[in-house]
>>> print(open('start_25.pdb').read())   # PDB, C-alpha atoms
MODEL        1
ATOM      1  CA  MET A  34       0.000   0.000   0.000
ATOM      2  CA  SER A  35       1.628   3.199  -1.192
ATOM      3  CA  LYS A  36       1.426   6.299   0.990
ATOM      4  CA  LYS A  37       1.541   8.433  -2.170
ATOM      5  CA  GLN A  38      -1.466   6.595  -3.628
ATOM      6  CA  ILE A  39      -3.433   6.995  -0.385
ATOM      7  CA  ILE A  40      -2.756  10.741  -0.298
ATOM      8  CA  THR A  41      -3.397  11.272  -4.017
ATOM      9  CA  HIS A  42      -6.422   9.050  -4.532
ATOM     10  CA  VAL A  43      -8.058   8.973  -1.095
ATOM     11  CA  VAL A  44      -7.127  11.969   1.075
ATOM     12  CA  ILE A  45      -7.011  14.758  -1.529
ATOM     13  CA  PRO A  46     -10.410  13.946  -3.113
ATOM     14  CA  ILE A  47     -12.016  13.835   0.352
ATOM     15  CA  LEU A  48     -10.424  17.181   1.257
ATOM     16  CA  ILE A  49     -11.647  18.771  -1.979
ATOM     17  CA  GLY A  50     -15.182  17.428  -1.514
ATOM     18  CA  SER A  51     -15.221  18.510   2.135
ATOM     19  CA  SER A  52     -14.009  21.978   1.160
ATOM     20  CA  ILE A  53     -16.828  22.301  -1.367
ATOM     21  CA  TYR A  54     -19.358  21.444   1.354
ATOM     22  CA  LEU A  55     -17.709  23.752   3.852
ATOM     23  CA  ILE A  56     -17.460  26.763   1.555
ATOM     24  CA  TYR A  57     -20.399  26.511  -0.832
ATOM     25  CA  ARG A  58     -23.213  24.512   0.784
ATOM     26  CA  SER A  59     -26.100  25.866   2.844
ATOM     27  CA  GLU A  60     -25.514  26.586   6.513
ATOM     28  CA  THR A  61     -28.737  24.689   7.254
ATOM     29  CA  LEU A  62     -26.858  21.392   6.864
ATOM     30  CA  ILE A  63     -26.357  19.390  10.069
ATOM     31  CA  MET A  64     -22.575  19.738   9.889
ATOM     32  CA  PHE A  65     -22.824  23.490  10.529
ATOM     33  CA  GLY A  66     -24.550  22.730  13.842
ATOM     34  CA  TRP A  67     -21.603  20.468  14.649
ATOM     35  CA  PHE A  68     -19.184  23.301  13.855
ATOM     36  CA  ASN A  69     -21.134  25.549  16.207
ATOM     37  CA  ALA A  70     -21.059  22.919  18.959
ATOM     38  CA  LEU A  71     -17.307  22.523  18.468
ATOM     39  CA  GLY A  72     -16.819  26.284  18.693
ATOM     40  CA  VAL A  73     -15.354  26.644  15.201
ATOM     41  CA  SER A  74     -18.290  28.317  13.463
ATOM     42  CA  ASP A  75     -16.495  31.700  13.388
ATOM     43  CA  LEU A  76     -13.543  30.121  11.566
ATOM     44  CA  VAL A  77     -15.913  28.403   9.136
ATOM     45  CA  SER A  78     -17.713  31.715   8.500
ATOM     46  CA  LYS A  79     -14.400  33.412   7.739
ATOM     47  CA  LEU A  80     -13.495  30.670   5.270
ATOM     48  CA  ARG A  81     -16.907  30.961   3.611
ATOM     49  CA  ASN A  82     -16.625  34.759   3.353
ATOM     50  CA  PHE A  83     -13.076  34.524   2.002
ATOM     51  CA  SER A  84     -14.003  32.237  -0.870
ATOM     52  CA  LEU A  85     -14.171  33.775  -4.313
ATOM     53  CA  PHE A  86     -16.713  33.082  -7.023
ATOM     54  CA  ASN A  87     -19.357  31.772  -4.606
ATOM     55  CA  SER A  88     -22.240  32.774  -6.832
ATOM     56  CA  GLN A  89     -20.427  31.830 -10.047
ATOM     57  CA  ILE A  90     -19.594  28.222  -9.220
ATOM     58  CA  PRO A  91     -21.637  25.758 -11.290
ATOM     59  CA  LEU A  92     -24.384  23.926  -9.424
ATOM     60  CA  TRP A  93     -22.996  20.503 -10.369
ATOM     61  CA  ILE A  94     -19.762  21.381  -8.547
ATOM     62  CA  LYS A  95     -21.664  22.475  -5.430
ATOM     63  CA  TYR A  96     -24.106  19.611  -5.304
ATOM     64  CA  SER A  97     -22.852  16.582  -7.261
ATOM     65  CA  LEU A  98     -19.062  16.718  -7.382
ATOM     66  CA  PRO A  99     -18.606  16.033  -3.634
ATOM     67  CA  ASP A 100     -20.534  12.758  -4.029
ATOM     68  CA  GLY A 101     -18.379  11.786  -6.987
ATOM     69  CA  LEU A 102     -15.217  12.615  -5.065
ATOM     70  CA  TRP A 103     -16.406  10.514  -2.127
ATOM     71  CA  VAL A 104     -17.063   7.550  -4.440
ATOM     72  CA  TYR A 105     -13.681   8.032  -6.123
ATOM     73  CA  SER A 106     -11.938   8.137  -2.750
ATOM     74  CA  LEU A 107     -13.634   5.068  -1.271
ATOM     75  CA  THR A 108     -13.273   3.077  -4.495
ATOM     76  CA  SER A 109      -9.592   3.978  -4.619
ATOM     77  CA  LEU A 110      -9.095   2.967  -1.002
ATOM     78  CA  MET A 111     -10.781  -0.391  -1.556
ATOM     79  CA  ILE A 112      -8.717  -1.046  -4.700
ATOM     80  CA  ILE A 113      -5.493  -0.153  -2.877
ATOM     81  CA  ILE A 114      -6.360  -2.396   0.074
ATOM     82  CA  TRP A 115      -7.641  -5.360  -1.950
ATOM     83  CA  ARG A 116      -5.434  -5.144  -5.056
ATOM     84  CA  ASP A 117      -3.202  -8.142  -4.310
ATOM     85  CA  VAL A 118      -5.811 -10.273  -2.550
ATOM     86  CA  LYS A 119      -6.795 -13.419  -4.415
ATOM     87  CA  SER A 120     -10.466 -13.534  -3.494
ATOM     88  CA  LYS A 121     -13.645 -12.844  -5.401
ATOM     89  CA  SER A 122     -15.066 -11.093  -2.333
ATOM     90  CA  LYS A 123     -12.697  -8.181  -2.978
ATOM     91  CA  TYR A 124     -14.976  -7.071  -5.827
ATOM     92  CA  TYR A 125     -17.841  -6.570  -3.381
ATOM     93  CA  TRP A 126     -15.632  -4.319  -1.282
ATOM     94  CA  ILE A 127     -14.394  -2.413  -4.319
ATOM     95  CA  ALA A 128     -17.997  -1.944  -5.521
ATOM     96  CA  SER A 129     -19.232  -0.895  -2.064
ATOM     97  CA  SER A 130     -18.844   2.819  -2.800
ATOM     98  CA  ILE A 131     -20.979   2.810  -5.929
ATOM     99  CA  ILE A 132     -23.548   0.543  -4.294
ATOM    100  CA  ILE A 133     -23.832   2.874  -1.283
ATOM    101  CA  ALA A 134     -24.079   5.932  -3.548
ATOM    102  CA  ILE A 135     -26.807   4.489  -5.759
ATOM    103  CA  VAL A 136     -28.809   3.058  -2.851
ATOM    104  CA  THR A 137     -28.596   6.425  -1.077
ATOM    105  CA  GLU A 138     -29.822   8.310  -4.147
ATOM    106  CA  LEU A 139     -32.655   5.831  -4.693
ATOM    107  CA  GLY A 140     -33.535   6.162  -0.995
ATOM    108  CA  GLN A 141     -33.729   9.920  -1.470
ATOM    109  CA  TYR A 142     -35.923   9.452  -4.534
ATOM    110  CA  LEU A 143     -38.280   7.242  -2.515
ATOM    111  CA  LYS A 144     -38.159   9.721   0.425
ATOM    112  CA  LEU A 145     -36.719   7.004   2.687
ATOM    113  CA  ILE A 146     -33.484   8.945   3.211
ATOM    114  CA  PRO A 147     -33.315  12.707   3.786
ATOM    115  CA  GLY A 148     -31.799  14.614   0.909
ATOM    116  CA  THR A 149     -32.478  15.594  -2.658
ATOM    117  CA  TYR A 150     -32.462  12.955  -5.372
ATOM    118  CA  ASP A 151     -30.422  13.990  -8.399
ATOM    119  CA  ILE A 152     -29.665  11.796 -11.407
ATOM    120  CA  LEU A 153     -26.500  13.863 -11.938
ATOM    121  CA  ASP A 154     -25.222  12.581  -8.579
ATOM    122  CA  ILE A 155     -25.591   9.019  -9.846
ATOM    123  CA  ILE A 156     -23.911   9.857 -13.152
ATOM    124  CA  LEU A 157     -20.930  11.549 -11.465
ATOM    125  CA  CYS A 158     -20.630   8.668  -8.999
ATOM    126  CA  LEU A 159     -20.586   6.143 -11.851
ATOM    127  CA  ILE A 160     -17.931   8.195 -13.642
ATOM    128  CA  ALA A 161     -15.858   8.497 -10.450
ATOM    129  CA  PHE A 162     -16.084   4.763  -9.798
ATOM    130  CA  THR A 163     -15.019   3.982 -13.366
ATOM    131  CA  VAL A 164     -12.128   6.451 -13.311
ATOM    132  CA  ALA A 165     -10.794   5.092 -10.013
ATOM    133  CA  PHE A 166     -11.050   1.563 -11.341
ATOM    134  CA  LEU A 167      -9.297   2.438 -14.619
ATOM    135  CA  ILE A 168      -6.509   4.368 -12.893
ATOM    136  CA  LEU A 169      -5.767   2.046  -9.994
ATOM    137  CA  TYR A 170      -6.849  -1.457 -10.853
ATOM    138  CA  LYS A 171      -4.041  -3.263 -12.632
ATOM    139  CA  LYS A 172      -4.036  -6.964 -13.330
TER     140      LYS A 172
ENDMDL
END
>>> encode(input="start_25.pdb", output="structure tokens")
Amino acid sequence: MSKKQIITHVVIPILIGSSIYLIYRSETLIMFGWFNALGVSDLVSKLRNFSLFNSQIPLWIKYSLPDGLWVYSLTSLMIIIWRDVKSKSKYYWIASSIIIAIVTELGQYLKLIPGTYDILDIILCLIAFTVAFLILYKK
């Protein structure tokens, strides 16, 4: 397991997706209550006010890209962990990210899970899964 691969394909995508949520998403999200409880809401507000192009950022970046980055990150992690394992069960672990993403979106569509269903989320998640697989999975 390469530290460089973990940083590049797991940590950085999560940090980018988290930054998008932190800077561009609505303060009505639960996580902003957590920031308040942790006493860091002033710091978060400063980061949000400092960001440029808040109104100009495309909606797909604000709302769908973080999901795709999460899928990319988890898929990459599973591929890195399971790459050399000789077991068919590794494919279930590698596919876990896309399965979770699609089930979550379908749950939102059926109003079983809080959130907003968006087909673009599913499309970006499928793309992210495929890209991670193509980049990292080597036979």
>>> closest_residue(input="start_25.pdb", among="A:Val136, A:Leu169, A:Ser51, A:Gln141", to="Met64 in chain A", atoms="all atoms listed in the file")
A:Ser51
>>> closest_residue(input="start_25.pdb", among="A:Tyr96, A:Phe162, A:Gly50, A:Lys37", to="Ile112 in chain A", atoms="only C-alpha atoms")
A:Phe162
>>> resolve_selection(input="start_25.pdb", expression="the PyMOL selection byres ((chain A and resi 42) around 9)", output="PyMOL selection string")
chain A and resi 37-41+43-47+105-107+109-110+165+169
>>> residues_around(input="start_25.pdb", residues="range 143-153 of chain A", least_positions_apart="5", cutoff="7 Å", atoms="all atoms listed in the file", output="NGL selection string")
:A and (97 or 137-138)
>>> write_last_selection(input="start_25.pdb", atoms="C-alpha atoms", output="PDB file, in the frame of the given file")
ATOM      1  CA  SER A  97     -22.852  16.582  -7.261  1.00  0.00           C
ATOM      2  CA  THR A 137     -28.596   6.425  -1.077  1.00  0.00           C
ATOM      3  CA  GLU A 138     -29.822   8.310  -4.147  1.00  0.00           C
TER       4      GLU A 138
END
>>> closest_residue(input="start_25.pdb", among="A:Tyr54, A:Tyr125, A:Tyr170, A:Trp67", to="Leu98 in chain A", atoms="all atoms listed in the file")
A:Tyr54
>>> atom_distance(input="start_25.pdb", atom1="CA of Ile63 in chain A", atom2="CA of Leu80 in chain A")
17.8 Å
>>> axis_aligned_box(input="start_25.pdb", around="range 91-109 of chain A", padding_each_side="5 Å", output="AutoDock Vina command-line options")
--center_x -17.0 --center_y 14.4 --center_z -6.3 --size_x 24.8 --size_y 32.7 --size_z 20.0
>>> resolve_selection(input="start_25.pdb", expression="the PyMOL selection byres ((chain A and resi 101) around 6)", output="MDAnalysis selection string")
chainID A and resid 98:100 102:104 157:158 161
>>> resolve_selection(input="start_25.pdb", expression="the PyMOL selection byres ((chain A and resi 78) around 12)", output="count of residues only")
21
>>> closest_residue(input="start_25.pdb", among="A:Ser52, A:Ser35, A:Trp93, A:Thr108", to="Leu167 in chain A", atoms="only C-alpha atoms")
A:Thr108
>>> closest_residue(input="start_25.pdb", among="A:Ile53, A:Leu139, A:Val118, A:Ala134", to="Leu159 in chain A", atoms="all atoms listed in the file")
A:Ala134
>>> atom_distance(input="start_25.pdb", atom1="CA of Ile114 in chain A", atom2="CA of Trp126 in chain A")
9.6 Å
>>> atom_distance(input="start_25.pdb", atom1="CA of Thr61 in chain A", atom2="CA of Ser130 in chain A")
26.0 Å
>>> closest_residue(input="start_25.pdb", among="A:Ile94, A:Leu71, A:Met111, A:Asp117", to="Ser129 in chain A", atoms="only C-alpha atoms")
A:Met111
